[in-house]
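Participant: Here's a structure for you.
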Amino acid sequence: MFEKALSGGRRYWAWMVSLLVVIGVGAACWYWQLSEGLTITGLSRDVVWGFYIAQFTFLVGVAASAVMVVLPYYLHDYRAFGKITILGELLAIAAVIMCMLFIFVDMGMPARILNIFLHPTPSSMMFWDAVALGGYLLLNIVISRVTLGAERRGDPPPAWITPVIVLSIPWAISIHTVTAFLYAGLAARPFWLTAIMAPRFLASAFASGPALLILLALVVRRVSDFDPGRQAIRALATIVTYAMVANVFFVAVELYTALYSGIPEHVSHFAYLFMGLDGEATLAPWMWASAVLAVVALVLLLNPGSRSSETSLVVACVAVFASLWIDKGLGMVVAGFVPSPLGRVVHYSPTAPELAIGLGIWAAGLLVVTGLFKIALEVRGHLRRP
Amino acid sequence: MDASRRGFLTIAGLSLVGAAGGSTLIAAIGEPGTAVESLPAEPPGGGRRLAMVIDLRKFGHDGELVERCIRACHRAHNVPDFGADRKNEIKWIWAEDFESTFRDEEFRYLRRDLQGKPTLLLCNHCDNPPCTRVCPTKATWRRPADGIVMMDWHRCIGCRYCIVACPYGSRSFNWTDPRPHLESPQADFPTRTRGVVEKCTFCEELLARGGQPACVEACADDEIVFGDLNDPGSKVRRLLAEHLAIRRQPGLGTRPEVYYIVEDPRTLAETAPAAVVPGAAENDHV
Ligand code: SF4
Ligand code: SF4
């Protein structure tokens, strides 16, 4: 089946080669990081996790969100998702691969990464996260291969795959819950010490993931004769709307608890994020942009007229994705470190090589998504055009 | 029906506990000392509980002694010196002013002699250390025999989760190769590579040879005292029984084992009217 990813027209190859160039630049920078150490990043003694871990966290959400198409389709037999479900599962595979790459480049000693499995430590949430992510990757590879393979032969999928698919549903929830627990159980970091973190992670994942899936499906529709169907896009838009409303509500709950209680160590991190502390306000414009984008998205999504118009739906999906990416992929991790437990306010922003490595991984993800989508579309006979 | 449902609930409950890293949860629930902080009367498991008492009354404002302690430690352990480069900085023991050290106390009208006083900070060798709990490779662990929180630089994968989990800023990461930044490398102590985490180990290598920690050795007059809290006759126990000592953020449940003497109750009793500190005189008998 893989050979189908290796044949294609000029446009396909131009796209793949440009992705390979970005990956190459990222790989070169990573090699530099390997030889110099993580000192080439913007990280420091006080802000020890940054861009890489934040991207990882955001992408776990994208991976988990496949459940938003898998669950209606397989558990509720929601036919409209018949075509798009496979895209959701393949997107999850690409997202998990990106997660793993982001963890890998963040390690000080990447060659020793297997120590996580050689010395398994159940008390560490990082151990459980590795188990959950690895399992989820495996589940999605098996599910998409088996269902696509059966489809190619014109058979119904084998019966044994159904329980595997059902298992993938709670598993998807678990990967993002465990990722939230990575942060939420630490006495040292009051900003993350909140019970709403896992629910909030899930809500933002179920908004940003399906938003991305809508955008990808529309792109695929333009470059092939695949059509996800109006009803599928509509249903996805409804899911994005509900999830985004839930996410904004959870943020409001969080803000209320921190600000009304007035406990300085809770307030100070929000102050840093939105106003800046001691003149250090790198993230403030980003966070306000995220807030404005969230409002724009909600207005467009809650209004049935603009939600069903494709143009405004695209704007809304871009706004949802960008807003949540800023919130989770930039602000959430860094704000946990500033101010530090000793009250120090430190500047952090990713350096050029750090960004290049990150971009390389995003390009790798896109490469995987493109290749996998191509295979699926070929199997389904959507790419017969010259 | 009822019985089978109960059975299901039990299994579901147990598997939930298991999934969340059961041992941690059970330890947190089952341990009486977690909620109300108290020194166990009997040594747990009969081992030693090594601890440090820093007598702040004996430290000056000039930071001279503080500097001496830092230099002794960092020299003995091949800790690199990055000068003013805050980003790459490695430190096992360092100084902050008194107010930042005990930041959560929010002192307002602080006794003059404590204002801005350089105060030594180091790993607290917590009795309930969050750093070891989060490590995914057991590269850092609490030694049950004496409570020292250890590091294995050959196993550490450099994920820095332990730094994230430590509420005291006690850990440093080698962002770059430390070796070029060593002034006088000591042959009897390992150097580190880039990409691993390091911190104070209570000088376990000197203790093994029957010595005292390097910072203690650098002192002349018991400014820092080191010993076994499980030995009722030890100097650390006597000091803690006779003086008012505080620890950093004990409310987090980490049970830090570095104590700071800030006051002598006897001098308090002499200067304060009896009604304000009732029972202060009883401390004389301890
Ligand atoms: S002070 Fe920090 S590094 Fe040391 S034992 Fe406690 S939590 Fe761990
Ligand atoms: S940095 Fe090393 S010691 Fe710290 S948690 Fe990771 S593997 Fe463990």
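Each chain in the structure tokens gets a letter, A, B, ..., in the order shown, and its residues are numbered from 1; ligands are numbered from 1 in order too.
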Please find the residues of chain B near chain A - the criterion being any atom within 7 Å, counting only C-alpha atoms - and write them as number ranges by chain.
Facilitator: B: 21, 23-24, 87-89, 100-101, 103, 133-138, 157-160, 165-169, 172-173, 175-176, 194-196, 252
Participant: Ligand 1: which residues are within 9 Å, counting only C-alpha atoms and all ligand atoms? Reply as a compact mmCIF listing (two decimals) with N, CA, C and O atoms, in the first residue's frame.
Facilitator:
```
# COMPACT_ATOMS: atom_id res chain seq x y z
N ALA A 188 5.19 22.30 42.97
CA ALA A 188 6.13 23.39 42.72
C ALA A 188 5.57 24.43 41.77
O ALA A 188 6.09 25.55 41.71
N LEU B 122 20.27 25.14 49.14
CA LEU B 122 20.78 23.92 48.52
C LEU B 122 19.64 22.92 48.47
O LEU B 122 18.54 23.23 48.94
N CYS B 123 19.89 21.78 47.88
CA CYS B 123 18.86 20.74 47.87
C CYS B 123 18.49 20.40 49.31
O CYS B 123 19.36 20.22 50.16
N ASN B 124 17.20 20.32 49.59
CA ASN B 124 16.73 20.07 50.95
C ASN B 124 16.70 18.58 51.31
O ASN B 124 16.31 18.23 52.41
N HIS B 125 17.05 17.74 50.38
CA HIS B 125 16.99 16.29 50.58
C HIS B 125 15.67 15.92 51.26
O HIS B 125 15.63 15.30 52.32
N CYS B 126 14.61 16.36 50.58
CA CYS B 126 13.27 16.21 51.12
C CYS B 126 12.97 14.76 51.50
O CYS B 126 13.41 13.83 50.82
N ASP B 127 12.18 14.61 52.57
CA ASP B 127 11.75 13.29 52.99
C ASP B 127 10.70 12.72 52.04
O ASP B 127 10.53 11.52 51.93
N ASN B 128 9.98 13.62 51.39
CA ASN B 128 8.93 13.23 50.44
C ASN B 128 9.21 13.98 49.13
O ASN B 128 8.48 14.89 48.77
N PRO B 129 10.29 13.62 48.45
CA PRO B 129 10.76 14.47 47.34
C PRO B 129 9.92 14.33 46.07
O PRO B 129 9.78 13.23 45.54
N PRO B 130 9.39 15.44 45.58
CA PRO B 130 8.64 15.37 44.31
C PRO B 130 9.55 15.11 43.11
O PRO B 130 9.12 14.55 42.11
N CYS B 131 10.82 15.49 43.22
CA CYS B 131 11.74 15.34 42.08
C CYS B 131 11.95 13.87 41.73
O CYS B 131 11.99 13.50 40.56
N THR B 132 12.06 13.02 42.74
CA THR B 132 12.31 11.60 42.46
C THR B 132 11.04 10.92 41.96
O THR B 132 11.10 10.00 41.16
N THR B 140 17.16 9.60 39.59
CA THR B 140 17.31 10.29 40.87
C THR B 140 16.38 9.60 41.84
O THR B 140 15.26 9.23 41.49
N TRP B 141 16.87 9.36 43.07
CA TRP B 141 16.08 8.58 44.02
C TRP B 141 16.51 8.94 45.44
O TRP B 141 17.59 9.48 45.66
N ARG B 142 15.61 8.62 46.38
CA ARG B 142 15.90 8.90 47.78
C ARG B 142 16.46 7.63 48.41
O ARG B 142 15.85 6.57 48.34
N ILE B 148 19.32 10.59 51.78
CA ILE B 148 19.96 11.44 50.77
C ILE B 148 19.29 11.23 49.42
O ILE B 148 19.01 10.09 49.03
N VAL B 149 19.02 12.33 48.71
CA VAL B 149 18.44 12.25 47.38
C VAL B 149 19.59 12.24 46.37
O VAL B 149 20.35 13.19 46.26
N MET B 150 19.71 11.11 45.69
CA MET B 150 20.89 10.84 44.85
C MET B 150 20.62 11.11 43.37
O MET B 150 19.49 11.25 42.95
N CYS B 162 12.52 16.59 36.67
CA CYS B 162 12.83 16.76 38.09
C CYS B 162 13.02 18.24 38.45
O CYS B 162 12.65 18.68 39.54
N ILE B 163 13.59 19.02 37.52
CA ILE B 163 13.77 20.45 37.78
C ILE B 163 12.39 21.11 37.86
O ILE B 163 12.15 21.98 38.70
N ALA B 165 9.69 19.75 38.82
CA ALA B 165 8.96 19.33 40.01
C ALA B 165 9.55 19.85 41.31
O ALA B 165 8.89 19.83 42.34
N CYS B 166 10.80 20.29 41.30
CA CYS B 166 11.42 20.75 42.55
C CYS B 166 10.96 22.17 42.86
O CYS B 166 11.15 23.07 42.05
N PRO B 167 10.34 22.38 44.03
CA PRO B 167 9.83 23.71 44.34
C PRO B 167 10.92 24.68 44.81
O PRO B 167 10.62 25.81 45.14
N TYR B 168 12.15 24.22 44.89
CA TYR B 168 13.19 25.01 45.53
C TYR B 168 14.28 25.47 44.58
O TYR B 168 15.25 26.09 45.00
N GLY B 169 14.18 25.14 43.31
CA GLY B 169 15.21 25.55 42.36
C GLY B 169 16.55 24.91 42.65
O GLY B 169 17.60 25.47 42.34
N SER B 170 16.54 23.71 43.23
CA SER B 170 17.79 23.11 43.69
C SER B 170 18.58 22.42 42.59
O SER B 170 19.72 22.02 42.81
N ARG B 171 17.97 22.24 41.43
CA ARG B 171 18.61 21.42 40.39
C ARG B 171 19.05 22.27 39.21
O ARG B 171 18.41 23.25 38.86
N LYS B 199 22.88 18.21 41.10
CA LYS B 199 22.50 18.95 42.30
C LYS B 199 23.33 18.47 43.47
O LYS B 199 24.10 17.50 43.33
N CYS B 200 23.17 19.13 44.61
CA CYS B 200 23.86 18.76 45.85
C CYS B 200 23.51 17.34 46.26
O CYS B 200 22.36 16.91 46.14
N THR B 201 24.50 16.60 46.75
CA THR B 201 24.23 15.23 47.21
C THR B 201 24.61 15.06 48.68
O THR B 201 24.89 13.95 49.13
N THR B 254 6.64 18.46 51.14
CA THR B 254 7.85 17.79 50.68
C THR B 254 8.74 17.35 51.83
O THR B 254 9.65 16.56 51.64
N ARG B 255 8.50 17.90 53.01
CA ARG B 255 9.31 17.63 54.21
C ARG B 255 10.80 17.90 53.97
O ARG B 255 11.63 16.98 54.01
N PRO B 256 11.14 19.14 53.72
CA PRO B 256 12.54 19.50 53.52
C PRO B 256 13.37 19.26 54.78
O PRO B 256 12.87 19.42 55.89
N GLU B 257 14.61 18.87 54.59
CA GLU B 257 15.45 18.53 55.75
C GLU B 257 16.64 19.48 55.90
O GLU B 257 17.70 19.10 56.41
N VAL B 258 16.48 20.69 55.42
CA VAL B 258 17.46 21.73 55.73
C VAL B 258 16.74 22.77 56.58
O VAL B 258 15.69 23.28 56.17
```
Participant: What's around Asn303 of chain A at 12 Å? Count only C-alpha atoms, leave out sequence neighbours fewer than 3 positions away in its own chain, and write the answer as a list in words.
Facilitator: Ala237, Thr238, Thr241, Val296, Ala297, Leu298, Val299, Leu300, Ser306, Arg307, Ser308, Ser309, Ser312, Leu313 and Ala316 of chain A
Participant: Write the residues of the selection above to a file with N, CA, C and O atoms, as an mmCIF file, in the first residue's frame.
Facilitator:
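The result, stored in result26.cif:
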```cif
data_model
loop_
_atom_site.group_PDB
_atom_site.id
_atom_site.type_symbol
_atom_site.label_atom_id
_atom_site.label_comp_id
_atom_site.auth_asym_id
_atom_site.auth_seq_id
_atom_site.Cartn_x
_atom_site.Cartn_y
_atom_site.Cartn_z
ATOM 1 N N ALA A 237 -18.262 21.099 12.302
ATOM 2 C CA ALA A 237 -18.352 22.493 12.740
ATOM 3 C C ALA A 237 -19.122 22.588 14.055
ATOM 4 O O ALA A 237 -18.769 23.361 14.944
ATOM 5 N N THR A 238 -20.155 21.764 14.195
ATOM 6 C CA THR A 238 -20.911 21.762 15.449
ATOM 7 C C THR A 238 -20.022 21.288 16.600
ATOM 8 O O THR A 238 -20.038 21.863 17.694
ATOM 9 N N THR A 241 -17.726 23.990 17.609
ATOM 10 C CA THR A 241 -18.438 25.037 18.348
ATOM 11 C C THR A 241 -18.613 24.652 19.814
ATOM 12 O O THR A 241 -18.245 25.402 20.719
ATOM 13 N N VAL A 296 -13.590 36.067 18.098
ATOM 14 C CA VAL A 296 -13.974 36.067 16.676
ATOM 15 C C VAL A 296 -14.524 34.693 16.292
ATOM 16 O O VAL A 296 -15.594 34.566 15.684
ATOM 17 N N ALA A 297 -13.787 33.649 16.690
ATOM 18 C CA ALA A 297 -14.204 32.291 16.340
ATOM 19 C C ALA A 297 -15.579 31.985 16.912
ATOM 20 O O ALA A 297 -16.451 31.441 16.217
ATOM 21 N N LEU A 298 -15.780 32.365 18.179
ATOM 22 C CA LEU A 298 -17.064 32.047 18.808
ATOM 23 C C LEU A 298 -18.211 32.775 18.122
ATOM 24 O O LEU A 298 -19.280 32.197 17.902
ATOM 25 N N VAL A 299 -17.993 34.042 17.769
ATOM 26 C CA VAL A 299 -19.053 34.799 17.086
ATOM 27 C C VAL A 299 -19.419 34.104 15.779
ATOM 28 O O VAL A 299 -20.589 33.865 15.484
ATOM 29 N N LEU A 300 -18.399 33.724 15.008
ATOM 30 C CA LEU A 300 -18.657 33.087 13.710
ATOM 31 C C LEU A 300 -19.299 31.712 13.867
ATOM 32 O O LEU A 300 -20.132 31.301 13.065
ATOM 33 N N SER A 306 -23.220 32.054 9.725
ATOM 34 C CA SER A 306 -21.802 32.058 9.370
ATOM 35 C C SER A 306 -21.181 30.679 9.565
ATOM 36 O O SER A 306 -20.180 30.347 8.943
ATOM 37 N N ARG A 307 -21.802 29.879 10.440
ATOM 38 C CA ARG A 307 -21.246 28.540 10.629
ATOM 39 C C ARG A 307 -21.484 27.673 9.393
ATOM 40 O O ARG A 307 -20.669 26.828 9.043
ATOM 41 N N SER A 308 -22.612 27.882 8.708
ATOM 42 C CA SER A 308 -22.876 27.010 7.560
ATOM 43 C C SER A 308 -22.289 27.562 6.263
ATOM 44 O O SER A 308 -22.190 26.829 5.287
ATOM 45 N N SER A 309 -21.874 28.834 6.283
ATOM 46 C CA SER A 309 -21.192 29.342 5.090
ATOM 47 C C SER A 309 -19.746 28.871 5.108
ATOM 48 O O SER A 309 -19.041 29.019 6.119
ATOM 49 N N SER A 312 -16.846 31.638 5.876
ATOM 50 C CA SER A 312 -16.694 32.101 7.257
ATOM 51 C C SER A 312 -16.332 30.934 8.170
ATOM 52 O O SER A 312 -15.657 31.123 9.184
ATOM 53 N N LEU A 313 -16.737 29.722 7.786
ATOM 54 C CA LEU A 313 -16.336 28.568 8.594
ATOM 55 C C LEU A 313 -14.811 28.391 8.534
ATOM 56 O O LEU A 313 -14.165 28.096 9.543
ATOM 57 N N ALA A 316 -13.327 30.881 10.784
ATOM 58 C CA ALA A 316 -13.529 30.468 12.176
ATOM 59 C C ALA A 316 -12.560 29.357 12.559
ATOM 60 O O ALA A 316 -11.975 29.373 13.650
#
```
Participant: What's around Glu254 of chain A at 9 Å? Count only C-alpha atoms, leave out sequence neighbours fewer than 6 positions away in its own chain, and write the answer as a ChimeraX atom specification.
Facilitator: /A:194,196-197
Participant: What parts of segment 87-164 of chain B does DSSP call alpha helix (DSSP H)? I'd like the answer as number ranges by chain.
Facilitator: B: 98-101, 130-134, 161-164
Participant: Those residues with all heavy atoms, as an mmCIF file, in the first residue's frame please?
Facilitator:
```cif
data_model
loop_
_atom_site.group_PDB
_atom_site.id
_atom_site.type_symbol
_atom_site.label_atom_id
_atom_site.label_comp_id
_atom_site.auth_asym_id
_atom_site.auth_seq_id
_atom_site.Cartn_x
_atom_site.Cartn_y
_atom_site.Cartn_z
ATOM 1 N N PHE B 98 17.526 36.795 52.519
ATOM 2 C CA PHE B 98 16.628 36.077 53.416
ATOM 3 C C PHE B 98 15.176 36.137 52.936
ATOM 4 O O PHE B 98 14.458 35.137 52.936
ATOM 5 C CB PHE B 98 16.748 36.691 54.819
ATOM 6 C CG PHE B 98 15.886 36.027 55.843
ATOM 7 C CD1 PHE B 98 16.249 34.829 56.425
ATOM 8 C CD2 PHE B 98 14.674 36.613 56.216
ATOM 9 C CE1 PHE B 98 15.435 34.212 57.363
ATOM 10 C CE2 PHE B 98 13.858 36.000 57.153
ATOM 11 C CZ PHE B 98 14.238 34.807 57.723
ATOM 12 N N GLU B 99 14.740 37.318 52.477
ATOM 13 C CA GLU B 99 13.337 37.488 52.094
ATOM 14 C C GLU B 99 12.970 36.619 50.886
ATOM 15 O O GLU B 99 11.877 36.061 50.829
ATOM 16 C CB GLU B 99 13.040 38.955 51.763
ATOM 17 C CG GLU B 99 13.168 39.901 52.943
ATOM 18 C CD GLU B 99 14.561 40.490 53.054
ATOM 19 O OE1 GLU B 99 15.542 39.758 52.815
ATOM 20 O OE2 GLU B 99 14.665 41.682 53.380
ATOM 21 N N SER B 100 13.884 36.500 49.889
ATOM 22 C CA SER B 100 13.554 35.657 48.729
ATOM 23 C C SER B 100 13.601 34.186 49.101
ATOM 24 O O SER B 100 12.838 33.382 48.560
ATOM 25 C CB SER B 100 14.531 35.880 47.575
ATOM 26 O OG SER B 100 14.891 37.198 47.470
ATOM 27 N N THR B 101 14.514 33.822 50.002
ATOM 28 C CA THR B 101 14.617 32.428 50.417
ATOM 29 C C THR B 101 13.308 31.956 51.035
ATOM 30 O O THR B 101 12.850 30.850 50.774
ATOM 31 C CB THR B 101 15.754 32.261 51.429
ATOM 32 O OG1 THR B 101 16.925 32.847 50.889
ATOM 33 C CG2 THR B 101 16.006 30.811 51.740
ATOM 34 N N PRO B 130 9.386 15.436 45.578
ATOM 35 C CA PRO B 130 8.643 15.373 44.312
ATOM 36 C C PRO B 130 9.554 15.112 43.111
ATOM 37 O O PRO B 130 9.119 14.547 42.111
ATOM 38 C CB PRO B 130 7.983 16.752 44.205
ATOM 39 C CG PRO B 130 8.727 17.636 45.121
ATOM 40 C CD PRO B 130 9.336 16.770 46.180
ATOM 41 N N CYS B 131 10.824 15.492 43.220
ATOM 42 C CA CYS B 131 11.736 15.341 42.081
ATOM 43 C C CYS B 131 11.946 13.872 41.728
ATOM 44 O O CYS B 131 11.987 13.500 40.562
ATOM 45 C CB CYS B 131 13.069 16.004 42.403
ATOM 46 S SG CYS B 131 13.809 15.384 43.922
ATOM 47 N N THR B 132 12.064 13.016 42.743
ATOM 48 C CA THR B 132 12.313 11.599 42.464
ATOM 49 C C THR B 132 11.045 10.923 41.964
ATOM 50 O O THR B 132 11.098 10.003 41.162
ATOM 51 C CB THR B 132 12.811 10.863 43.714
ATOM 52 O OG1 THR B 132 11.797 10.947 44.718
ATOM 53 C CG2 THR B 132 14.081 11.479 44.257
ATOM 54 N N ARG B 133 9.899 11.414 42.449
ATOM 55 C CA ARG B 133 8.625 10.828 42.052
ATOM 56 C C ARG B 133 8.427 10.966 40.549
ATOM 57 O O ARG B 133 7.904 10.078 39.896
ATOM 58 C CB ARG B 133 7.504 11.530 42.803
ATOM 59 C CG ARG B 133 6.172 10.832 42.761
ATOM 60 C CD ARG B 133 5.102 11.703 43.394
ATOM 61 N NE ARG B 133 5.486 12.182 44.719
ATOM 62 C CZ ARG B 133 5.026 13.304 45.264
ATOM 63 N NH1 ARG B 133 4.177 14.064 44.617
ATOM 64 N NH2 ARG B 133 5.427 13.682 46.469
ATOM 65 N N VAL B 134 8.819 12.121 39.975
ATOM 66 C CA VAL B 134 8.508 12.364 38.569
ATOM 67 C C VAL B 134 9.542 11.787 37.606
ATOM 68 O O VAL B 134 9.258 11.631 36.422
ATOM 69 C CB VAL B 134 8.356 13.874 38.269
ATOM 70 C CG1 VAL B 134 7.256 14.463 39.126
ATOM 71 C CG2 VAL B 134 9.665 14.618 38.440
ATOM 72 N N TYR B 161 12.392 16.923 33.953
ATOM 73 C CA TYR B 161 11.137 16.872 34.693
ATOM 74 C C TYR B 161 11.399 17.113 36.184
ATOM 75 O O TYR B 161 10.605 17.760 36.870
ATOM 76 C CB TYR B 161 10.478 15.509 34.459
ATOM 77 C CG TYR B 161 8.991 15.434 34.728
ATOM 78 C CD1 TYR B 161 8.250 16.561 35.087
ATOM 79 C CD2 TYR B 161 8.310 14.227 34.621
ATOM 80 C CE1 TYR B 161 6.891 16.485 35.318
ATOM 81 C CE2 TYR B 161 6.951 14.138 34.848
ATOM 82 C CZ TYR B 161 6.244 15.273 35.200
ATOM 83 O OH TYR B 161 4.892 15.174 35.433
ATOM 84 N N CYS B 162 12.524 16.595 36.670
ATOM 85 C CA CYS B 162 12.832 16.764 38.091
ATOM 86 C C CYS B 162 13.022 18.242 38.454
ATOM 87 O O CYS B 162 12.647 18.675 39.542
ATOM 88 C CB CYS B 162 14.072 15.957 38.466
ATOM 89 S SG CYS B 162 15.496 16.320 37.414
ATOM 90 N N ILE B 163 13.592 19.015 37.517
ATOM 91 C CA ILE B 163 13.769 20.452 37.777
ATOM 92 C C ILE B 163 12.394 21.115 37.855
ATOM 93 O O ILE B 163 12.147 21.982 38.704
ATOM 94 C CB ILE B 163 14.594 21.121 36.654
ATOM 95 C CG1 ILE B 163 15.927 20.401 36.464
ATOM 96 C CG2 ILE B 163 14.790 22.589 36.938
ATOM 97 C CD1 ILE B 163 16.851 21.091 35.482
ATOM 98 N N VAL B 164 11.508 20.675 36.968
ATOM 99 C CA VAL B 164 10.169 21.249 36.945
ATOM 100 C C VAL B 164 9.453 20.945 38.267
ATOM 101 O O VAL B 164 8.722 21.780 38.799
ATOM 102 C CB VAL B 164 9.371 20.676 35.757
ATOM 103 C CG1 VAL B 164 7.952 21.208 35.749
ATOM 104 C CG2 VAL B 164 10.054 21.009 34.441
#
```
